[in-house]
file data.txt (compact mmCIF, N, CA and C atoms)
# COMPACT_ATOMS: atom_id res chain seq x y z
N MET T 1 -5.01 -1.87 15.13
CA MET T 1 -5.67 -0.77 14.47
C MET T 1 -5.47 -0.90 12.96
N PRO T 2 -6.54 -0.90 12.19
CA PRO T 2 -6.39 -1.04 10.74
C PRO T 2 -5.73 0.19 10.13
N LYS T 3 -4.96 -0.06 9.10
CA LYS T 3 -4.28 1.03 8.41
C LYS T 3 -5.22 1.62 7.36
N PRO T 4 -5.15 2.93 7.16
CA PRO T 4 -5.96 3.54 6.11
C PRO T 4 -5.61 2.97 4.74
N ARG T 5 -6.63 2.89 3.88
CA ARG T 5 -6.43 2.36 2.55
C ARG T 5 -6.78 3.42 1.53
N ASN T 6 -6.11 3.37 0.39
CA ASN T 6 -6.39 4.26 -0.72
C ASN T 6 -6.05 3.49 -1.98
N SER T 7 -7.06 3.01 -2.67
CA SER T 7 -6.83 2.12 -3.82
C SER T 7 -6.02 2.79 -4.92
N LYS T 8 -6.03 4.12 -4.98
CA LYS T 8 -5.26 4.80 -6.04
C LYS T 8 -3.76 4.71 -5.84
N VAL T 9 -3.30 4.63 -4.58
CA VAL T 9 -1.86 4.68 -4.32
C VAL T 9 -1.31 3.47 -3.58
N GLU T 10 -2.15 2.47 -3.28
CA GLU T 10 -1.68 1.30 -2.54
C GLU T 10 -0.64 0.49 -3.30
N SER T 11 -0.88 0.25 -4.57
CA SER T 11 0.04 -0.61 -5.33
C SER T 11 0.79 0.20 -6.38
N ALA T 12 1.97 -0.28 -6.72
CA ALA T 12 2.79 0.41 -7.72
C ALA T 12 2.09 0.47 -9.07
N SER T 13 1.38 -0.59 -9.45
CA SER T 13 0.72 -0.60 -10.75
C SER T 13 -0.39 0.46 -10.80
N GLN T 14 -1.11 0.65 -9.69
CA GLN T 14 -2.15 1.68 -9.65
C GLN T 14 -1.54 3.09 -9.66
N ARG T 15 -0.42 3.27 -8.95
CA ARG T 15 0.23 4.58 -8.91
C ARG T 15 0.75 4.99 -10.27
N LEU T 16 1.26 4.04 -11.05
CA LEU T 16 1.80 4.37 -12.37
C LEU T 16 0.71 4.81 -13.34
N LYS T 17 -0.55 4.49 -13.05
CA LYS T 17 -1.66 4.92 -13.91
C LYS T 17 -2.09 6.35 -13.61
N LEU T 18 -1.65 6.91 -12.49
CA LEU T 18 -2.05 8.26 -12.12
C LEU T 18 -1.37 9.30 -12.99
N GLU T 19 -2.00 10.45 -13.10
CA GLU T 19 -1.45 11.56 -13.87
C GLU T 19 -0.29 12.17 -13.09
N ALA T 20 0.82 12.45 -13.79
CA ALA T 20 1.96 13.14 -13.16
C ALA T 20 1.54 14.57 -12.89
N ARG T 21 1.69 14.98 -11.63
CA ARG T 21 1.31 16.34 -11.27
C ARG T 21 2.12 16.79 -10.06
N ARG T 22 2.14 18.09 -9.85
CA ARG T 22 2.93 18.65 -8.76
C ARG T 22 2.26 18.43 -7.40
N SER T 23 0.94 18.51 -7.37
CA SER T 23 0.20 18.36 -6.12
C SER T 23 0.07 16.87 -5.77
N PRO T 24 0.40 16.48 -4.54
CA PRO T 24 0.32 15.07 -4.15
C PRO T 24 -1.12 14.56 -4.06
N TYR T 25 -1.27 13.26 -4.17
CA TYR T 25 -2.52 12.57 -3.90
C TYR T 25 -2.49 12.24 -2.41
N TRP T 26 -3.39 12.83 -1.62
CA TRP T 26 -3.33 12.73 -0.16
C TRP T 26 -4.21 11.60 0.38
N THR T 27 -3.70 10.96 1.45
CA THR T 27 -4.45 9.97 2.22
C THR T 27 -4.37 10.38 3.68
N ARG T 28 -5.51 10.56 4.33
CA ARG T 28 -5.53 10.97 5.73
C ARG T 28 -5.22 9.75 6.60
N LEU T 29 -4.19 9.87 7.46
CA LEU T 29 -3.78 8.77 8.33
C LEU T 29 -4.38 8.91 9.73
N ALA T 30 -4.43 10.12 10.22
CA ALA T 30 -4.94 10.42 11.57
C ALA T 30 -5.27 11.90 11.59
N PRO T 31 -5.95 12.37 12.62
CA PRO T 31 -6.22 13.81 12.68
C PRO T 31 -4.90 14.60 12.65
N GLY T 32 -4.78 15.47 11.68
CA GLY T 32 -3.58 16.30 11.56
C GLY T 32 -2.40 15.64 10.87
N ILE T 33 -2.55 14.40 10.38
CA ILE T 33 -1.46 13.69 9.69
C ILE T 33 -1.98 13.14 8.37
N ALA T 34 -1.27 13.45 7.28
CA ALA T 34 -1.65 12.92 5.96
C ALA T 34 -0.41 12.45 5.22
N LEU T 35 -0.57 11.40 4.45
CA LEU T 35 0.50 10.87 3.60
C LEU T 35 0.16 11.22 2.16
N GLY T 36 1.11 11.80 1.46
CA GLY T 36 0.89 12.17 0.07
C GLY T 36 1.79 11.38 -0.85
N TYR T 37 1.26 11.12 -2.04
CA TYR T 37 2.05 10.48 -3.10
C TYR T 37 2.16 11.47 -4.23
N ARG T 38 3.37 11.87 -4.55
CA ARG T 38 3.59 12.82 -5.65
C ARG T 38 4.08 12.03 -6.85
N ARG T 39 3.27 12.01 -7.89
CA ARG T 39 3.60 11.30 -9.13
C ARG T 39 4.53 12.18 -9.95
N ASN T 40 5.67 11.62 -10.33
CA ASN T 40 6.67 12.32 -11.13
C ASN T 40 6.82 11.63 -12.47
N GLU T 41 7.74 12.12 -13.29
CA GLU T 41 8.02 11.47 -14.58
C GLU T 41 8.50 10.04 -14.37
N GLY T 42 9.38 9.83 -13.39
CA GLY T 42 9.87 8.48 -13.08
C GLY T 42 9.12 7.95 -11.88
N ALA T 43 9.88 7.48 -10.90
CA ALA T 43 9.27 6.99 -9.67
C ALA T 43 8.70 8.16 -8.88
N GLY T 44 7.59 7.94 -8.21
CA GLY T 44 6.99 8.99 -7.40
C GLY T 44 7.67 9.07 -6.05
N SER T 45 7.19 9.98 -5.21
CA SER T 45 7.77 10.13 -3.88
C SER T 45 6.66 10.25 -2.84
N TRP T 46 7.00 9.86 -1.60
CA TRP T 46 6.09 9.95 -0.47
C TRP T 46 6.37 11.24 0.29
N VAL T 47 5.29 11.91 0.69
CA VAL T 47 5.37 13.18 1.40
C VAL T 47 4.46 13.10 2.61
N VAL T 48 4.90 13.62 3.75
CA VAL T 48 4.05 13.68 4.94
C VAL T 48 3.65 15.14 5.17
N ARG T 49 2.39 15.34 5.57
CA ARG T 49 1.89 16.67 5.92
C ARG T 49 1.33 16.57 7.33
N SER T 50 1.74 17.51 8.18
CA SER T 50 1.26 17.51 9.55
C SER T 50 1.23 18.94 10.07
N ASN T 51 0.79 19.09 11.31
CA ASN T 51 0.83 20.41 11.94
C ASN T 51 1.62 20.31 13.22
N ASP T 52 2.03 21.45 13.74
CA ASP T 52 2.87 21.46 14.95
C ASP T 52 2.06 21.70 16.22
N ARG T 53 0.77 21.40 16.19
CA ARG T 53 -0.16 21.56 17.32
C ARG T 53 -0.38 23.02 17.70
N HIS T 54 0.16 23.95 16.93
CA HIS T 54 -0.06 25.38 17.16
C HIS T 54 -0.68 26.02 15.93
N GLY T 55 -1.11 25.21 14.97
CA GLY T 55 -1.76 25.73 13.77
C GLY T 55 -0.86 25.81 12.56
N ALA T 56 0.45 25.77 12.72
CA ALA T 56 1.37 25.83 11.58
C ALA T 56 1.48 24.45 10.95
N GLU T 57 1.37 24.39 9.64
CA GLU T 57 1.44 23.13 8.91
C GLU T 57 2.80 22.98 8.25
N TRP T 58 3.33 21.75 8.19
CA TRP T 58 4.59 21.49 7.52
C TRP T 58 4.45 20.25 6.66
N THR T 59 5.26 20.19 5.61
CA THR T 59 5.33 19.01 4.75
C THR T 59 6.79 18.62 4.61
N LYS T 60 7.02 17.33 4.41
CA LYS T 60 8.39 16.83 4.26
C LYS T 60 8.38 15.60 3.36
N ARG T 61 9.30 15.58 2.39
CA ARG T 61 9.46 14.40 1.54
C ARG T 61 10.16 13.35 2.38
N ILE T 62 9.62 12.12 2.40
CA ILE T 62 10.20 11.11 3.27
C ILE T 62 10.90 9.97 2.53
N ALA T 63 10.50 9.68 1.29
CA ALA T 63 11.13 8.57 0.58
C ALA T 63 10.67 8.53 -0.87
N ILE T 64 11.31 7.66 -1.62
CA ILE T 64 10.90 7.36 -2.99
C ILE T 64 9.87 6.23 -2.91
N ALA T 65 8.87 6.27 -3.75
CA ALA T 65 7.88 5.19 -3.78
C ALA T 65 8.44 3.99 -4.54
N ASP T 66 7.93 2.82 -4.22
CA ASP T 66 8.41 1.59 -4.86
C ASP T 66 7.74 1.34 -6.21
N ASP T 67 7.66 2.38 -7.04
CA ASP T 67 7.03 2.26 -8.35
C ASP T 67 7.87 1.45 -9.33
N LEU T 68 9.17 1.73 -9.37
CA LEU T 68 10.04 1.15 -10.40
C LEU T 68 11.06 0.17 -9.85
N GLU T 69 11.17 0.07 -8.54
CA GLU T 69 12.12 -0.85 -7.92
C GLU T 69 11.53 -1.38 -6.63
N PRO T 70 12.03 -2.51 -6.14
CA PRO T 70 11.47 -3.07 -4.90
C PRO T 70 11.80 -2.18 -3.70
N ALA T 71 10.98 -2.28 -2.68
CA ALA T 71 11.18 -1.48 -1.46
C ALA T 71 12.53 -1.82 -0.83
N ALA T 72 13.22 -0.78 -0.39
CA ALA T 72 14.51 -0.91 0.28
C ALA T 72 14.60 0.20 1.33
N PRO T 73 13.93 -0.01 2.49
CA PRO T 73 13.93 1.04 3.51
C PRO T 73 15.36 1.42 3.90
N PRO T 74 15.62 2.66 4.19
CA PRO T 74 14.71 3.78 4.36
C PRO T 74 14.53 4.64 3.11
N LEU T 75 15.19 4.31 1.99
CA LEU T 75 15.15 5.19 0.82
C LEU T 75 13.96 4.92 -0.09
N VAL T 76 13.56 3.68 -0.25
CA VAL T 76 12.43 3.30 -1.12
C VAL T 76 11.42 2.56 -0.25
N LEU T 77 10.18 3.08 -0.20
CA LEU T 77 9.17 2.52 0.70
C LEU T 77 7.89 2.14 -0.03
N THR T 78 7.20 1.14 0.51
CA THR T 78 5.86 0.80 0.04
C THR T 78 4.86 1.77 0.67
N PHE T 79 3.61 1.69 0.26
CA PHE T 79 2.56 2.54 0.81
C PHE T 79 2.43 2.35 2.32
N TYR T 80 2.45 1.10 2.78
CA TYR T 80 2.26 0.83 4.21
C TYR T 80 3.49 1.20 5.02
N GLN T 81 4.69 1.00 4.47
CA GLN T 81 5.90 1.45 5.16
C GLN T 81 5.92 2.97 5.27
N ALA T 82 5.50 3.65 4.21
CA ALA T 82 5.46 5.11 4.22
C ALA T 82 4.47 5.62 5.27
N GLN T 83 3.36 4.90 5.49
CA GLN T 83 2.41 5.28 6.52
C GLN T 83 3.07 5.26 7.90
N ASP T 84 3.82 4.21 8.18
CA ASP T 84 4.49 4.10 9.49
C ASP T 84 5.50 5.23 9.68
N VAL T 85 6.29 5.50 8.66
CA VAL T 85 7.30 6.57 8.74
C VAL T 85 6.61 7.92 8.91
N ALA T 86 5.54 8.16 8.18
CA ALA T 86 4.82 9.44 8.27
C ALA T 86 4.28 9.66 9.68
N ARG T 87 3.69 8.63 10.27
CA ARG T 87 3.16 8.75 11.64
C ARG T 87 4.27 9.07 12.63
N GLN T 88 5.39 8.37 12.52
CA GLN T 88 6.49 8.59 13.45
C GLN T 88 7.05 10.00 13.31
N LEU T 89 7.24 10.47 12.09
CA LEU T 89 7.76 11.82 11.89
C LEU T 89 6.79 12.87 12.42
N ALA T 90 5.51 12.69 12.16
CA ALA T 90 4.51 13.66 12.59
C ALA T 90 4.38 13.70 14.11
N ARG T 91 4.68 12.60 14.75
CA ARG T 91 4.57 12.55 16.22
C ARG T 91 5.88 12.89 16.91
N GLY T 92 6.90 13.28 16.14
CA GLY T 92 8.12 13.80 16.74
C GLY T 92 9.23 12.81 16.99
N SER T 93 9.11 11.58 16.50
CA SER T 93 10.21 10.63 16.69
C SER T 93 10.67 10.15 15.32
N PRO T 94 11.85 10.57 14.87
CA PRO T 94 12.31 10.16 13.55
C PRO T 94 12.53 8.66 13.47
N PRO T 95 12.01 8.00 12.42
CA PRO T 95 12.15 6.55 12.29
C PRO T 95 13.57 6.12 11.98
N PHE T 96 14.29 6.95 11.25
CA PHE T 96 15.69 6.67 10.90
C PHE T 96 16.48 7.91 11.30
N PRO T 97 16.87 8.06 12.59
CA PRO T 97 17.44 9.31 13.08
C PRO T 97 18.64 9.80 12.28
N THR T 98 19.49 8.92 11.81
CA THR T 98 20.67 9.39 11.08
C THR T 98 20.32 9.91 9.70
N LEU T 99 19.19 9.46 9.15
CA LEU T 99 18.80 9.90 7.82
C LEU T 99 17.94 11.15 7.86
N TYR T 100 16.97 11.20 8.76
CA TYR T 100 16.02 12.29 8.77
C TYR T 100 16.38 13.42 9.73
N GLY T 101 17.23 13.18 10.71
CA GLY T 101 17.55 14.21 11.69
C GLY T 101 16.39 14.41 12.64
N PRO T 102 16.44 15.48 13.42
CA PRO T 102 15.38 15.70 14.41
C PRO T 102 14.06 16.07 13.74
N ALA T 103 12.99 15.89 14.47
CA ALA T 103 11.66 16.24 13.98
C ALA T 103 11.57 17.76 13.81
N PRO T 104 10.67 18.25 12.95
CA PRO T 104 10.52 19.69 12.78
C PRO T 104 10.20 20.37 14.10
N GLY T 105 10.89 21.48 14.37
CA GLY T 105 10.66 22.23 15.59
C GLY T 105 11.53 21.80 16.75
N VAL T 106 12.30 20.70 16.60
CA VAL T 106 13.17 20.23 17.67
C VAL T 106 14.60 20.59 17.29
N PRO T 107 15.29 21.38 18.12
CA PRO T 107 16.66 21.77 17.76
C PRO T 107 17.61 20.58 17.83
N PRO T 108 18.56 20.49 16.90
CA PRO T 108 19.50 19.38 16.93
C PRO T 108 20.50 19.56 18.07
N PRO T 109 21.08 18.47 18.58
CA PRO T 109 22.08 18.61 19.63
C PRO T 109 23.34 19.27 19.07
N PRO T 110 24.12 19.94 19.92
CA PRO T 110 25.34 20.58 19.43
C PRO T 110 26.34 19.52 18.97
N PRO T 111 27.06 19.79 17.88
CA PRO T 111 28.02 18.80 17.39
C PRO T 111 29.23 18.70 18.31
N GLU T 112 29.78 17.50 18.40
CA GLU T 112 30.99 17.29 19.19
C GLU T 112 32.19 17.58 18.32
N PRO T 113 33.23 18.23 18.86
CA PRO T 113 34.42 18.48 18.04
C PRO T 113 35.14 17.16 17.76
N PRO T 114 35.72 17.02 16.58
CA PRO T 114 36.41 15.76 16.26
C PRO T 114 37.72 15.64 17.05
N PRO T 115 38.12 14.41 17.38
CA PRO T 115 39.40 14.23 18.08
C PRO T 115 40.55 14.56 17.14
N ARG T 116 41.65 15.04 17.72
CA ARG T 116 42.82 15.41 16.92
C ARG T 116 44.02 14.62 17.41
N ALA T 117 44.86 14.21 16.46
CA ALA T 117 46.08 13.47 16.80
C ALA T 117 47.09 14.43 17.41
N VAL T 118 47.91 13.92 18.35
CA VAL T 118 48.93 14.74 19.00
C VAL T 118 50.29 14.26 18.51
N ALA T 119 51.13 15.22 18.13
CA ALA T 119 52.48 14.88 17.64
C ALA T 119 53.26 14.17 18.74
N GLY T 120 54.01 13.14 18.35
CA GLY T 120 54.84 12.41 19.28
C GLY T 120 54.10 11.31 20.02
N MET T 121 52.82 11.16 19.79
CA MET T 121 52.02 10.13 20.46
C MET T 121 51.75 9.02 19.44
N PRO T 122 51.44 7.82 19.90
CA PRO T 122 51.08 6.76 18.95
C PRO T 122 49.87 7.20 18.11
N SER T 123 49.74 6.62 16.93
CA SER T 123 48.68 7.04 16.01
C SER T 123 47.29 6.78 16.56
N ASP T 124 47.15 5.86 17.53
CA ASP T 124 45.81 5.60 18.07
C ASP T 124 45.51 6.44 19.31
N ALA T 125 46.40 7.36 19.68
CA ALA T 125 46.16 8.23 20.83
C ALA T 125 45.58 9.55 20.35
N PHE T 126 44.42 9.88 20.84
CA PHE T 126 43.75 11.11 20.45
C PHE T 126 43.35 11.89 21.70
N ILE T 127 43.36 13.18 21.59
CA ILE T 127 42.80 14.01 22.64
C ILE T 127 41.88 15.02 21.96
N THR T 128 40.96 15.54 22.71
CA THR T 128 40.05 16.55 22.17
C THR T 128 40.52 17.92 22.63
N LEU T 129 40.77 18.78 21.68
CA LEU T 129 41.22 20.13 22.00
C LEU T 129 40.03 21.07 21.97
N ALA T 130 39.97 21.96 22.94
CA ALA T 130 38.88 22.95 22.96
C ALA T 130 39.17 24.00 21.90
N PRO T 131 38.13 24.57 21.27
CA PRO T 131 38.37 25.62 20.28
C PRO T 131 38.98 26.84 20.97
N PRO T 132 39.79 27.60 20.25
CA PRO T 132 40.44 28.76 20.87
C PRO T 132 39.41 29.81 21.27
N LYS T 133 39.68 30.48 22.37
CA LYS T 133 38.80 31.55 22.84
C LYS T 133 39.28 32.85 22.23
N LEU T 134 38.41 33.51 21.52
CA LEU T 134 38.75 34.77 20.88
C LEU T 134 38.36 35.94 21.78
N PRO T 135 39.13 37.02 21.74
CA PRO T 135 38.76 38.17 22.55
C PRO T 135 37.48 38.79 22.02
N PRO T 136 36.68 39.40 22.89
CA PRO T 136 35.44 40.00 22.40
C PRO T 136 35.72 41.13 21.42
N PRO T 137 34.83 41.34 20.45
CA PRO T 137 35.08 42.38 19.44
C PRO T 137 34.95 43.77 19.98
call {"tool": "encode", "arguments": {"input": "data.txt", "output": "structure tokens"}}
result
Amino acid sequence: MPKPRNSKVESASQRLKLEARRSPYWTRLAPGIALGYRRNEGAGSWVVRSNDRHGAEWTKRIAIADDLEPAAPPLVLTFYQAQDVARQLARGSPPFPTLYGPAPGVPPPPPEPPPRAVAGMPSDAFITLAPPKLPPP
């Protein structure tokens, strides 16, 4: 499947010629999914806009554009890398789970309590203690 093209934001040299503004330059990737390039004073940033299939729209900044430095995923992305990340985020599967967290509308899993060292045990012996139960107020 061919990737959408937008000559204004495909290359870093073309992006640097754009006017710095608050509103992103949008490229439609698929129905309900758009990739935006927000031109800033320095390097621009990539933004994804999508809907949650119930009519509510959301936007999320996904990375810095490769305007002033070479691409270094997941923090600095090219136009085509940003397209892939935008599609994955909009479809509910984070491309870099540790960086982006769960997709919008998906609750995160409950955190696990950290292991605690026990006095008198070797330093590599850990047990997990349950949090104290408080009486009801």
call {"tool": "atom_distance", "arguments": {"input": "data.txt", "atom1": "CA of Ala71 in chain T", "atom2": "CA of Asn6 in chain T"}}
result
18.5 Å
call {"tool": "atom_distance", "arguments": {"input": "data.txt", "atom1": "atom N of Arg61 in chain T", "atom2": "atom N of Val47 in chain T"}}
result
5.7 Å
call {"tool": "residues_near_point", "arguments": {"input": "data.txt", "point": "(5.0, 3.9, -1.9)", "cutoff": "12 Å", "atoms": "only C-alpha atoms", "output": "VMD selection string"}}
result
chain T and resid 6 8 to 16 25 27 35 to 39 43 to 48 61 to 86
call {"tool": "atom_distance", "arguments": {"input": "data.txt", "atom1": "atom N of Ala90 in chain T", "atom2": "atom N of Pro110 in chain T"}}
result
21.4 Å
call {"tool": "closest_residue", "arguments": {"input": "data.txt", "among": "T:Arg91, T:Lys17, T:Lys3, T:Arg49", "to": "Ile33 in chain T", "atoms": "only N, CA and C atoms"}}
result
T:Arg49
call {"tool": "closest_residue", "arguments": {"input": "data.txt", "among": "T:Gly55, T:Leu134, T:Ser93, T:Pro4", "to": "Ala30 in chain T", "atoms": "only C-alpha atoms"}}
result
T:Pro4
call {"tool": "axis_aligned_box", "arguments": {"input": "data.txt", "around": "range 17-23 of chain T", "padding_each_side": "3 Å", "output": "lines of an AutoDock Vina configuration file"}}
result
center_x = 0.4
center_y = 11.6
center_z = -9.8
size_x = 11.0
size_y = 20.2
size_z = 14.1
